[in-house]
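As stored in protein_3.txt (compact mmCIF, N, CA, C and O atoms):
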```txt
# COMPACT_ATOMS: atom_id res chain seq x y z
N MET F 588 31.29 256.50 98.63
CA MET F 588 31.06 257.79 98.00
C MET F 588 30.39 257.57 96.64
O MET F 588 30.83 256.76 95.85
N VAL F 589 29.33 258.27 96.38
CA VAL F 589 28.57 258.13 95.15
C VAL F 589 29.05 259.17 94.14
O VAL F 589 29.11 260.36 94.43
N SER F 590 29.38 258.69 92.96
CA SER F 590 29.80 259.61 91.91
C SER F 590 28.66 259.82 90.92
O SER F 590 27.66 259.11 90.94
N GLN F 591 28.83 260.79 90.05
CA GLN F 591 27.82 261.04 89.02
C GLN F 591 27.66 259.82 88.11
O GLN F 591 26.57 259.54 87.63
N LEU F 592 28.72 259.09 87.88
CA LEU F 592 28.66 257.90 87.05
C LEU F 592 27.76 256.84 87.67
O LEU F 592 26.97 256.20 86.97
N HIS F 593 27.85 256.67 88.99
CA HIS F 593 26.98 255.70 89.68
C HIS F 593 25.51 256.10 89.56
O HIS F 593 24.64 255.26 89.31
N VAL F 594 25.23 257.37 89.75
CA VAL F 594 23.86 257.87 89.66
C VAL F 594 23.32 257.70 88.24
O VAL F 594 22.20 257.23 88.03
N LEU F 595 24.11 258.06 87.24
CA LEU F 595 23.70 257.93 85.86
C LEU F 595 23.45 256.46 85.49
O LEU F 595 22.46 256.13 84.83
N SER F 596 24.31 255.59 85.96
CA SER F 596 24.15 254.16 85.69
C SER F 596 22.85 253.63 86.30
O SER F 596 22.10 252.90 85.64
N ALA F 597 22.57 253.99 87.52
CA ALA F 597 21.32 253.57 88.18
C ALA F 597 20.11 254.13 87.43
O ALA F 597 19.13 253.41 87.20
N PHE F 598 20.18 255.39 87.05
CA PHE F 598 19.08 256.02 86.33
C PHE F 598 18.81 255.33 85.00
O PHE F 598 17.67 255.05 84.64
N ARG F 599 19.85 255.01 84.26
CA ARG F 599 19.69 254.34 82.97
C ARG F 599 19.11 252.94 83.16
O ARG F 599 18.31 252.50 82.34
N ASN F 600 19.49 252.24 84.21
CA ASN F 600 18.91 250.93 84.48
C ASN F 600 17.42 251.03 84.77
O ASN F 600 16.63 250.21 84.29
N ILE F 601 17.03 252.02 85.53
CA ILE F 601 15.61 252.23 85.81
C ILE F 601 14.86 252.55 84.53
O ILE F 601 13.75 252.05 84.30
N GLN F 602 15.46 253.35 83.65
CA GLN F 602 14.82 253.65 82.37
C GLN F 602 14.59 252.38 81.55
O GLN F 602 13.53 252.20 80.97
N VAL F 603 15.58 251.51 81.49
CA VAL F 603 15.45 250.26 80.74
C VAL F 603 14.32 249.41 81.32
O VAL F 603 13.50 248.86 80.58
N ILE F 604 14.26 249.31 82.63
CA ILE F 604 13.20 248.54 83.29
C ILE F 604 11.84 249.09 82.92
O ILE F 604 10.91 248.33 82.61
N GLU F 605 11.69 250.41 82.90
CA GLU F 605 10.40 251.02 82.57
C GLU F 605 10.07 250.89 81.08
O GLU F 605 8.97 250.49 80.72
N VAL F 606 11.02 251.22 80.21
CA VAL F 606 10.77 251.21 78.77
C VAL F 606 10.45 249.81 78.27
O VAL F 606 9.55 249.61 77.45
N GLN F 607 11.17 248.82 78.76
CA GLN F 607 10.95 247.44 78.30
C GLN F 607 9.86 246.73 79.11
O GLN F 607 9.62 245.55 78.88
N ASN F 608 9.23 247.44 80.03
CA ASN F 608 8.11 246.91 80.81
C ASN F 608 8.50 245.60 81.51
O ASN F 608 7.73 244.62 81.52
N LEU F 609 9.67 245.57 82.10
CA LEU F 609 10.21 244.34 82.68
C LEU F 609 9.46 243.89 83.93
O LEU F 609 9.37 242.69 84.19
N ILE F 610 8.92 244.80 84.70
CA ILE F 610 8.20 244.41 85.92
C ILE F 610 6.92 243.66 85.56
O ILE F 610 6.63 242.60 86.12
N GLU F 611 6.16 244.19 84.61
CA GLU F 611 4.93 243.52 84.18
C GLU F 611 5.25 242.17 83.53
O GLU F 611 4.56 241.18 83.75
N ASN F 612 6.31 242.14 82.75
CA ASN F 612 6.72 240.88 82.12
C ASN F 612 7.08 239.84 83.17
O ASN F 612 6.69 238.67 83.06
N ALA F 613 7.80 240.24 84.20
CA ALA F 613 8.17 239.30 85.27
C ALA F 613 6.93 238.79 85.99
O ALA F 613 6.84 237.61 86.34
N ARG F 614 5.93 239.66 86.18
CA ARG F 614 4.69 239.23 86.82
C ARG F 614 3.97 238.19 85.98
O ARG F 614 3.56 237.14 86.48
N LEU F 615 3.84 238.46 84.68
CA LEU F 615 3.14 237.53 83.79
C LEU F 615 3.88 236.20 83.65
O LEU F 615 3.28 235.12 83.71
N MET F 616 5.19 236.27 83.48
CA MET F 616 5.97 235.03 83.35
C MET F 616 5.98 234.26 84.67
O MET F 616 5.98 233.03 84.68
N GLY F 617 5.96 234.97 85.78
CA GLY F 617 5.88 234.33 87.09
C GLY F 617 4.59 233.57 87.28
O GLY F 617 4.57 232.49 87.88
N GLU F 618 3.48 234.11 86.76
CA GLU F 618 2.21 233.39 86.83
C GLU F 618 2.29 232.08 86.07
O GLU F 618 1.81 231.04 86.54
N GLU F 619 2.92 232.11 84.90
CA GLU F 619 3.08 230.89 84.10
C GLU F 619 3.99 229.88 84.82
O GLU F 619 3.73 228.68 84.81
N MET F 620 5.04 230.40 85.44
CA MET F 620 5.95 229.53 86.19
C MET F 620 5.21 228.83 87.33
O MET F 620 5.35 227.63 87.53
N LEU F 621 4.38 229.59 88.05
CA LEU F 621 3.62 229.00 89.16
C LEU F 621 2.61 227.96 88.68
O LEU F 621 2.38 226.96 89.36
N LYS F 622 2.02 228.17 87.51
CA LYS F 622 1.13 227.16 86.95
C LYS F 622 1.90 225.86 86.73
O LYS F 622 1.40 224.77 87.04
N GLY F 623 3.11 225.98 86.21
CA GLY F 623 3.95 224.80 86.02
C GLY F 623 4.33 224.16 87.34
O GLY F 623 4.32 222.92 87.47
N PHE F 624 4.68 224.96 88.32
CA PHE F 624 5.01 224.44 89.65
C PHE F 624 3.83 223.69 90.24
O PHE F 624 3.98 222.62 90.83
N ARG F 625 2.63 224.25 90.08
CA ARG F 625 1.43 223.61 90.65
C ARG F 625 1.13 222.29 89.94
O ARG F 625 0.67 221.33 90.56
N TRP F 626 1.39 222.25 88.64
CA TRP F 626 1.20 221.00 87.90
C TRP F 626 2.17 219.93 88.43
O TRP F 626 1.78 218.79 88.66
N ILE F 627 3.43 220.32 88.60
CA ILE F 627 4.42 219.40 89.15
C ILE F 627 4.00 218.95 90.54
O ILE F 627 4.12 217.77 90.89
N GLN F 628 3.48 219.87 91.33
CA GLN F 628 3.03 219.57 92.69
C GLN F 628 1.94 218.49 92.67
O GLN F 628 1.94 217.59 93.51
N GLN F 629 1.04 218.57 91.72
CA GLN F 629 -0.03 217.58 91.63
C GLN F 629 0.47 216.24 91.13
O GLN F 629 -0.04 215.18 91.51
N GLU F 630 1.49 216.25 90.28
CA GLU F 630 1.99 215.02 89.66
C GLU F 630 3.01 214.27 90.51
O GLU F 630 3.17 213.07 90.36
N GLN F 631 3.71 214.97 91.39
CA GLN F 631 4.81 214.37 92.15
C GLN F 631 4.54 214.45 93.65
O GLN F 631 4.41 215.54 94.19
N GLU F 632 4.49 213.32 94.29
CA GLU F 632 4.23 213.28 95.73
C GLU F 632 5.33 213.93 96.55
O GLU F 632 5.08 214.43 97.65
N ILE F 633 6.54 213.94 96.03
CA ILE F 633 7.69 214.48 96.77
C ILE F 633 7.59 216.00 96.94
O ILE F 633 8.20 216.57 97.85
N VAL F 634 6.82 216.66 96.09
CA VAL F 634 6.72 218.12 96.14
C VAL F 634 5.71 218.52 97.20
O VAL F 634 4.57 218.07 97.21
N GLY F 635 6.17 219.40 98.11
CA GLY F 635 5.29 219.94 99.15
C GLY F 635 4.61 221.20 98.65
O GLY F 635 3.78 221.17 97.77
N GLU F 636 5.03 222.33 99.17
CA GLU F 636 4.43 223.61 98.81
C GLU F 636 5.21 224.26 97.68
O GLU F 636 6.38 223.96 97.45
N VAL F 637 4.53 225.15 96.96
CA VAL F 637 5.19 225.96 95.94
C VAL F 637 4.87 227.43 96.21
O VAL F 637 3.79 227.76 96.69
N TRP F 638 5.83 228.29 95.94
CA TRP F 638 5.68 229.72 96.17
C TRP F 638 6.25 230.48 94.99
O TRP F 638 7.09 229.96 94.27
N GLY F 639 5.83 231.71 94.86
CA GLY F 639 6.42 232.55 93.84
C GLY F 639 5.99 233.99 93.95
O GLY F 639 4.90 234.30 94.40
N LEU F 640 6.88 234.87 93.51
CA LEU F 640 6.61 236.29 93.40
C LEU F 640 7.39 236.77 92.20
O LEU F 640 8.63 236.77 92.22
N GLY F 641 6.69 237.15 91.15
CA GLY F 641 7.39 237.48 89.91
C GLY F 641 8.12 236.24 89.41
O GLY F 641 7.55 235.16 89.36
N LEU F 642 9.38 236.39 89.07
CA LEU F 642 10.17 235.26 88.60
C LEU F 642 11.01 234.62 89.70
O LEU F 642 11.92 233.85 89.41
N LEU F 643 10.70 234.93 90.93
CA LEU F 643 11.35 234.30 92.07
C LEU F 643 10.42 233.22 92.57
O LEU F 643 9.31 233.51 93.03
N GLY F 644 10.82 231.96 92.46
CA GLY F 644 9.94 230.86 92.85
C GLY F 644 10.67 229.80 93.64
O GLY F 644 11.89 229.73 93.62
N ALA F 645 9.90 228.99 94.35
CA ALA F 645 10.47 227.92 95.17
C ALA F 645 9.55 226.72 95.18
O ALA F 645 8.33 226.87 95.13
N ILE F 646 10.15 225.56 95.25
CA ILE F 646 9.42 224.30 95.39
C ILE F 646 9.97 223.60 96.62
O ILE F 646 11.17 223.36 96.71
N GLU F 647 9.09 223.27 97.56
CA GLU F 647 9.49 222.55 98.76
C GLU F 647 9.49 221.05 98.45
O GLU F 647 8.51 220.51 97.94
N LEU F 648 10.60 220.41 98.74
CA LEU F 648 10.69 218.95 98.55
C LEU F 648 10.63 218.25 99.87
O LEU F 648 11.03 218.70 100.87
```
Please go through the file and, once you have read it, give me the structure as structure tokens.
Amino acid sequence: MVSQLHVLSAFRNIQVIEVQNLIENARLMGEEMLKGFRWIQQEQEIVGEVWGLGLLGAIEL
């Protein structure tokens, strides 16, 4: 059962995400993270593929 408190809490979280521009920030920081992953990939033979979306990333070993 959803209460008004749950709805208000979700709404305020969405406001924070929008006001602080967190989605764009995650995209930009994710690009930097992937650059680092790709550098590691070139330097280390043990690293296979690298993936990322925003700040969610993976390195295949």
### Query
In Å to one decimal, how far is atom O of Ser590 in chain F from atom C of Gln602 in chain F?
17.4 Å
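Counting all atoms listed in the file and comparing F:Leu648, F:Ile601, F:Val637, F:Gln607, the residue that lies closest to Arg625 in chain F is F:Val637.
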### Query
To one decimal place, how far is CA of Ile627 in chain F from CA of Leu640 in chain F in Å?
17.6 Å
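One finds atom C of Leu643 in chain F at 20.4 Å from CA of Glu605 in chain F.
Inside chain F, the residues DSSP reads as strand (DSSP E or B) when given the backbone are Val637, Trp638, Gly639, Leu640, Leu643, Gly644, Ala645 and Ile646 of chain F.
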Might you pull out every residue within 5 Å of range 630-636 of chain F, with all atoms listed in the file counted and same-chain residues fewer than 6 positions away left off, and present them as an mmCIF file with N, CA, C and O atoms, in the frame of the given file?
```cif
data_model
loop_
_atom_site.group_PDB
_atom_site.id
_atom_site.type_symbol
_atom_site.label_atom_id
_atom_site.label_comp_id
_atom_site.auth_asym_id
_atom_site.auth_seq_id
_atom_site.Cartn_x
_atom_site.Cartn_y
_atom_site.Cartn_z
ATOM 1 N N ALA F 645 9.900 228.990 94.350
ATOM 2 C CA ALA F 645 10.470 227.920 95.170
ATOM 3 C C ALA F 645 9.550 226.720 95.180
ATOM 4 O O ALA F 645 8.330 226.870 95.130
ATOM 5 N N ILE F 646 10.150 225.560 95.250
ATOM 6 C CA ILE F 646 9.420 224.300 95.390
ATOM 7 C C ILE F 646 9.970 223.600 96.620
ATOM 8 O O ILE F 646 11.170 223.360 96.710
ATOM 9 N N GLU F 647 9.090 223.270 97.560
ATOM 10 C CA GLU F 647 9.490 222.550 98.760
ATOM 11 C C GLU F 647 9.490 221.050 98.450
ATOM 12 O O GLU F 647 8.510 220.510 97.940
ATOM 13 N N LEU F 648 10.600 220.410 98.740
ATOM 14 C CA LEU F 648 10.690 218.950 98.550
ATOM 15 C C LEU F 648 10.630 218.250 99.870
ATOM 16 O O LEU F 648 11.030 218.700 100.870
#
```
### Message
Please list as a list in words every residue within 8 Å of Leu642 in chain F, counting all atoms listed in the file and excluding residues in the same chain fewer than 3 positions away.
### Response
Leu609, Ile610, Asn612, Ala613, Arg614, Leu615, Met616, Gly617, Glu618, Met620, Trp638, Gly639 and Ala645 of chain F
### Query
Where in chain F does DSSP assign alpha helix (DSSP H), given as a PyMOL selection string?
chain F and resi 591-606+609-630
Please define a box with edges along x, y and z of the file around all atoms of range 643-647 of chain F given in the file, extend it by 6 Å on each side, and return its centre and edge lengths in Å to one decimal, as JSON.
```
{"center_x": 10.1, "center_y": 227.7, "center_z": 94.8, "size_x": 15.6, "size_y": 26.4, "size_z": 19.8}
```
